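Next comes run_36.csv, a file with CSV, C-alpha atoms.
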chain,number,residue,atom,x,y,z
A,70,MET,CA,113.8,76.7,321.3
A,71,ARG,CA,110.4,76.3,322.9
A,72,LEU,CA,108.9,79.6,324.2
A,73,ASP,CA,108.4,78.3,327.8
A,74,ARG,CA,112.1,77.2,327.9
A,75,PHE,CA,113.2,80.5,326.4
A,76,LEU,CA,111.3,82.4,329.2
A,77,ALA,CA,112.6,80.1,332.0
A,78,ASN,CA,116.2,80.6,330.8
A,79,LEU,CA,115.9,84.3,331.4
A,80,PRO,CA,117.4,85.3,334.8
A,81,GLN,CA,114.2,87.2,335.9
A,82,PHE,CA,111.8,84.3,335.5
A,83,SER,CA,111.4,80.9,337.1
A,84,HIS,CA,109.7,78.0,335.4
A,85,GLN,CA,106.5,78.7,337.4
A,86,GLN,CA,106.6,82.4,336.5
A,87,ALA,CA,107.1,81.5,332.8
A,88,ARG,CA,104.0,79.3,332.8
A,89,LEU,CA,101.9,82.0,334.5
A,90,LEU,CA,103.0,84.6,332.0
A,91,LEU,CA,102.1,82.4,329.1
A,92,ALA,CA,98.7,81.6,330.6
A,93,SER,CA,98.0,85.3,331.1
A,94,GLY,CA,98.5,86.0,327.5
A,95,ARG,CA,101.1,88.7,328.3
A,96,ILE,CA,103.8,87.2,326.1
A,97,SER,CA,103.8,88.1,322.4
A,98,VAL,CA,106.0,86.9,319.6
A,99,ASN,CA,106.4,89.3,316.6
A,100,GLY,CA,103.4,91.3,317.8
A,101,GLN,CA,101.1,88.3,318.3
A,102,SER,CA,100.0,87.0,321.8
A,103,VAL,CA,101.2,83.4,322.4
A,104,ARG,CA,100.0,81.2,325.2
A,105,ASP,CA,101.4,77.9,323.9
A,106,GLY,CA,104.7,77.1,325.6
A,107,THR,CA,105.7,74.7,322.8
A,108,HIS,CA,105.7,77.6,320.3
A,109,ASP,CA,109.2,77.7,318.6
A,110,VAL,CA,111.2,80.9,319.1
A,111,ARG,CA,114.0,81.7,316.8
A,112,VAL,CA,116.8,84.3,317.0
A,113,PHE,CA,114.9,86.3,314.4
A,114,ASP,CA,111.7,86.6,316.5
A,115,ARG,CA,110.9,89.6,318.6
A,116,VAL,CA,109.6,88.5,322.1
A,117,GLU,CA,107.8,90.9,324.4
A,118,LEU,CA,106.3,90.9,327.9
A,119,ASP,CA,103.6,93.6,327.7
A,120,ASP,CA,105.7,96.6,326.5
A,121,GLU,CA,109.0,95.2,327.7
A,122,THR,CA,111.3,93.7,325.0
A,123,LEU,CA,112.8,90.3,326.0
A,124,GLN,CA,114.4,89.6,322.7
A,125,THR,CA,114.8,92.2,319.9
A,126,GLY,CA,115.2,89.6,317.1
A,127,LYS,CA,118.1,89.5,314.7
A,128,SER,CA,117.5,90.5,311.1
A,129,ALA,CA,117.6,87.6,308.7
A,130,ARG,CA,120.1,88.3,305.9
A,131,PHE,CA,120.3,86.7,302.4
A,132,PHE,CA,122.8,87.4,299.7
A,133,MET,CA,123.4,86.2,296.1
A,134,LEU,CA,127.0,86.0,295.1
A,135,HIS,CA,128.6,85.3,291.7
A,136,LYS,CA,131.5,83.1,292.9
A,137,PRO,CA,134.6,83.5,290.8
A,138,THR,CA,137.2,80.8,290.1
A,139,GLY,CA,140.0,80.3,292.6
A,140,CYS,CA,138.0,81.3,295.6
A,141,VAL,CA,137.2,79.0,298.6
A,142,SER,CA,133.6,78.4,299.7
A,143,ALA,CA,134.5,78.8,303.3
A,144,THR,CA,134.2,81.4,306.0
A,145,ALA,CA,137.9,81.4,306.7
A,146,ASP,CA,141.0,80.0,305.0
A,147,PRO,CA,144.7,80.6,305.9
A,148,ARG,CA,145.9,80.5,302.3
A,149,HIS,CA,143.1,81.5,299.9
A,150,GLN,CA,140.6,84.2,299.4
A,151,THR,CA,137.1,83.1,300.7
A,152,VAL,CA,133.7,84.0,299.5
A,153,ILE,CA,133.2,85.8,302.8
A,154,ASP,CA,136.2,88.1,301.9
A,155,LEU,CA,134.2,89.3,298.9
A,156,LEU,CA,131.4,90.7,301.0
A,157,GLY,CA,131.5,94.3,302.2
A,158,GLU,CA,128.9,93.7,304.9
A,159,PRO,CA,128.9,94.2,308.7
A,160,HIS,CA,128.9,91.1,310.9
A,161,LYS,CA,129.6,88.9,307.8
A,162,ALA,CA,131.1,86.3,310.1
A,163,GLU,CA,127.5,85.4,311.1
A,164,LEU,CA,126.7,84.2,307.6
A,165,HIS,CA,127.1,80.7,306.3
A,166,ILE,CA,127.1,79.2,302.8
A,167,ALA,CA,124.0,77.4,301.5
A,168,GLY,CA,125.4,74.9,299.0
A,169,ARG,CA,129.2,75.2,298.6
A,170,LEU,CA,131.0,75.2,295.3
A,171,ASP,CA,134.5,73.8,294.6
A,172,PHE,CA,137.6,76.0,294.3
A,173,ASN,CA,137.4,76.4,290.6
A,174,THR,CA,133.7,76.1,290.1
A,175,THR,CA,131.9,79.4,289.4
A,176,GLY,CA,128.4,80.8,289.6
A,177,LEU,CA,125.5,81.1,292.0
A,178,LEU,CA,126.3,81.0,295.7
A,179,ILE,CA,123.8,81.9,298.5
A,180,LEU,CA,124.9,83.2,301.9
A,181,THR,CA,122.6,83.7,304.8
A,182,ASN,CA,122.3,83.6,308.6
A,183,ASP,CA,119.0,81.7,308.5
A,184,GLY,CA,119.8,78.1,309.0
A,185,LEU,CA,116.2,76.8,308.6
A,186,TRP,CA,115.8,78.7,305.3
A,187,SER,CA,119.1,77.4,303.9
A,188,ARG,CA,118.2,73.8,304.8
A,189,ARG,CA,115.0,74.1,302.8
A,190,LEU,CA,117.0,75.3,299.9
A,191,THR,CA,119.7,72.6,300.0
A,192,GLN,CA,118.3,69.4,301.5
A,193,PRO,CA,117.5,66.7,298.9
A,194,ALA,CA,114.0,66.2,300.5
A,195,SER,CA,113.1,69.7,299.4
A,196,ARG,CA,113.6,68.7,295.7
A,197,GLN,CA,115.2,72.1,294.9
A,198,GLY,CA,117.1,71.4,291.7
A,199,LYS,CA,120.6,72.9,291.2
A,200,THR,CA,121.4,73.5,287.6
A,201,TYR,CA,125.0,73.7,286.2
A,202,LEU,CA,126.6,74.4,282.9
A,203,VAL,CA,129.2,71.8,282.2
A,204,GLU,CA,132.0,71.7,279.7
A,205,THR,CA,134.0,68.5,279.3
A,206,GLU,CA,137.3,67.6,277.7
A,207,ASP,CA,135.9,65.0,275.4
A,208,PRO,CA,132.5,64.7,273.5
A,209,ILE,CA,129.6,63.8,275.9
A,210,ASP,CA,128.3,60.3,275.4
A,211,PRO,CA,124.5,60.6,274.8
A,212,ASP,CA,124.1,57.6,277.1
A,213,CYS,CA,125.0,59.9,280.0
A,214,ALA,CA,121.5,61.3,280.0
A,215,VAL,CA,120.0,57.9,280.4
A,216,CYS,CA,122.4,56.8,283.2
A,217,PHE,CA,122.1,60.1,285.0
A,218,ALA,CA,118.3,59.9,285.0
A,219,GLN,CA,118.5,56.3,286.4
A,220,GLY,CA,121.1,57.3,289.1
A,221,LEU,CA,124.7,56.3,289.4
A,222,TYR,CA,126.2,54.1,292.1
A,223,PHE,CA,128.9,55.8,294.2
A,224,ARG,CA,131.0,53.1,295.8
A,225,PHE,CA,132.7,55.4,298.3
A,226,GLU,CA,129.4,56.4,299.9
A,227,GLY,CA,127.6,53.1,299.1
A,228,LEU,CA,124.6,54.9,297.5
A,229,THR,CA,123.0,55.6,294.2
A,230,THR,CA,122.6,59.2,293.2
A,231,LEU,CA,119.1,60.7,292.8
A,232,PRO,CA,117.9,61.0,289.2
A,233,ALA,CA,119.4,64.0,287.4
A,234,GLU,CA,118.5,65.7,284.2
A,235,LEU,CA,121.1,66.2,281.4
A,236,GLU,CA,120.5,68.5,278.4
A,237,LEU,CA,123.1,68.3,275.7
A,238,LEU,CA,123.9,71.8,274.4
A,239,ASP,CA,126.9,71.0,272.2
A,240,THR,CA,129.5,68.3,271.6
A,241,CYS,CA,131.3,69.0,274.9
A,242,LYS,CA,128.7,71.2,276.7
A,243,ALA,CA,125.6,70.3,278.7
A,244,ARG,CA,123.2,71.6,281.3
A,245,LEU,CA,122.9,69.3,284.3
A,246,THR,CA,120.3,69.6,287.1
A,247,LEU,CA,121.0,67.8,290.3
A,248,HIS,CA,118.7,67.3,293.4
A,249,GLU,CA,121.4,66.7,295.9
A,250,GLY,CA,125.0,67.8,296.5
A,251,ARG,CA,127.5,64.9,296.9
A,252,TYR,CA,131.2,65.4,297.1
A,253,HIS,CA,132.5,66.4,293.6
A,254,GLN,CA,129.3,64.9,292.3
A,255,VAL,CA,129.3,66.4,288.8
A,256,LYS,CA,133.0,65.5,288.1
A,257,ARG,CA,132.4,61.9,289.4
A,258,MET,CA,129.3,61.4,287.3
A,259,PHE,CA,131.1,62.4,284.1
A,260,GLY,CA,134.2,60.5,285.4
A,261,HIS,CA,132.0,57.3,285.2
A,262,PHE,CA,132.3,57.8,281.4
A,263,ASN,CA,136.0,58.6,281.6
A,264,ASN,CA,135.3,62.2,280.6
A,265,LYS,CA,137.0,65.1,282.5
A,266,VAL,CA,135.0,68.2,283.5
A,267,ILE,CA,137.0,71.2,282.5
A,268,SER,CA,134.5,73.9,283.4
A,269,LEU,CA,131.6,74.0,285.8
A,270,HIS,CA,129.2,76.9,286.5
A,271,ARG,CA,126.1,76.9,288.7
A,272,GLU,CA,123.2,78.8,287.1
A,273,SER,CA,120.5,78.3,289.6
A,274,MET,CA,119.3,76.7,292.9
A,275,GLY,CA,115.6,76.0,293.0
A,276,PRO,CA,113.8,79.1,291.9
A,277,LEU,CA,116.9,81.3,292.5
A,278,THR,CA,118.8,82.2,289.3
A,279,LEU,CA,122.1,84.0,289.2
A,280,ASP,CA,121.6,87.6,288.3
A,281,ALA,CA,122.9,88.3,284.9
A,282,GLY,CA,124.1,91.7,286.0
A,283,LEU,CA,126.5,90.3,288.6
A,284,ALA,CA,130.0,90.0,287.5
A,285,PRO,CA,132.3,87.4,289.1
A,286,GLY,CA,133.0,88.5,292.7
A,287,GLN,CA,129.9,90.8,292.9
A,288,TYR,CA,126.9,90.2,295.1
A,289,ARG,CA,123.5,91.6,296.1
A,290,ALA,CA,120.9,91.1,298.7
A,291,LEU,CA,118.0,88.8,297.8
A,292,THR,CA,114.6,90.5,297.3
A,293,PRO,CA,111.7,89.7,299.6
A,294,ALA,CA,110.0,87.9,296.7
A,295,GLU,CA,113.1,85.7,296.2
A,296,ILE,CA,113.3,84.9,299.9
A,297,ALA,CA,109.7,83.9,300.1
A,298,GLN,CA,110.0,81.4,297.3
A,299,ILE,CA,112.1,79.0,299.5

The structure in this file should be written as structure tokens.
Amino acid sequence: MRLDRFLANLPQFSHQQARLLLASGRISVNGQSVRDGTHDVRVFDRVELDDETLQTGKSARFFMLHKPTGCVSATADPRHQTVIDLLGEPHKAELHIAGRLDFNTTGLLILTNDGLWSRRLTQPASRQGKTYLVETEDPIDPDCAVCFAQGLYFRFEGLTTLPAELELLDTCKARLTLHEGRYHQVKRMFGHFNNKVISLHRESMGPLTLDAGLAPGQYRALTPAEIAQI
């Protein structure tokens, strides 16, 4: 929220006192003096008045998980194991999933408590491509690549998908890069050609690639360099 509103919401300050404190330059955010009341304050920011801490700031947390098959991309489920269950981390209930995967889809999953960061990773406007290895029941029609690049019309949503890139790897195998995340999108795209997807694995999201050393069900924290790429 805005810094002036953050200060005024604290029980010890009135709106007038908040304005005076800002004008005096006594308020700092992450060690930098801030006089602008419209400055955005997040839960991860440390806010101080002189030497008094008004908000300590949460630690932003980022994890890469190799999602196994038969696991739900959810924070809780009464019947199935969830991806959150796979984490041996404190306060893991604070985390959310940046780009869910279907029950039997495997591969890269990102979990974080930073909503702005995850939106930059997943929103179509950010143009962060998501790449999948796809295996189909029948041979892949070469015309798929042309149709996917042009976009397919989804009647249920009444929209045309964004252009996607298809690279044929074998008769029934391909690498597909999407720039959005519609409901069962990959299966529906191949279903347009009456071809069933029998295996789906996400390799990457934007610049983030699944660590080859992570076995299904394993995870690790993202590095500062990986976090900074988004």

Worksheet item: Counting only C-alpha atoms, what is within 6 Å of Thr205 (chain A), bar same-chain residues fewer than 5 positions away, as a list of chain:residue names?
Response: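 Listed by chain and then number, they are A:Cys241, A:Lys265, A:Val266, A:Ile267.
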
Fill in: Cys216 (chain A) environment, 12 Å, only C-alpha atoms, sequence neighbours closer than 4 positions dropped, as a PyMOL selection string
chain A and resi 210-212+220-222+229-235+258-259+261-262

Worksheet item: Quick one: residues within 8 Å of region 182-192 of chain A, all atoms listed in the file counted, chain neighbours fewer than 5 positions away excluded, as a list of chain:residue names?
Response: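 These residues fall inside the cut-off: A:Ala129, A:Arg130, A:Phe131, A:Glu163, A:Leu164, A:His165, A:Ala167, A:Gly168, A:Gln197, A:Glu249, A:Gly250, A:Met274, A:Gly275, A:Ile299.
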
Fill in: Separation of CA of Asp119 (chain A) from CA of Arg74 (chain A) in Å
18.5 Å

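Among the candidate residues A:Pro293, A:Pro159, A:Pro276, A:Gly100, the one lying nearest to Asp120 (chain A) is A:Gly100, with distances computed using all atoms listed in the file.
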
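Taking only C-alpha atoms into account, Leu238 (chain A) lies nearest to A:Leu202 out of the set A:Glu226, A:Leu202, A:Asn173, A:Tyr252.
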
Discussion item. From the options A:Val141, A:Leu90, A:Leu170, A:Met133, which residue's atoms come nearest to Ala281 (chain A), counting all atoms listed in the file?
Written reply: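 Result for the nearest residue to Ala281 (chain A): A:Met133.
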
Discussion item. Restricting the calculation to only C-alpha atoms: of A:Val98, A:Leu228, A:Ile179, A:Cys213, which residue gets closest to Glu272 (chain A)?
Written reply: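 With only C-alpha atoms as the atom set, the closest residue is A:Ile179.
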
Worksheet item: Do you have the CA of Ile153 (chain A)-CA of Tyr288 (chain A) distance handy?
Response: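 Straight-line distance from CA of Ile153 (chain A) to CA of Tyr288 (chain A) works out to 10.9 Å.
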
Discussion item. Taking all atoms listed in the file into account, name the residue in A:Arg271, A:Lys256, A:His108, A:Arg244 that is nearest to Glu206 (chain A).
Written reply: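 Answer, going by the shortest atom-to-atom distance: A:Lys256.
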
Worksheet item: Restricting the calculation to all atoms listed in the file, which member of A:Gly227, A:Gly139, A:Gly94, A:Gly106 is positioned closest to Met70 (chain A)?
Response: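 That would be A:Gly106, the residue with the smallest distance to Met70 (chain A).
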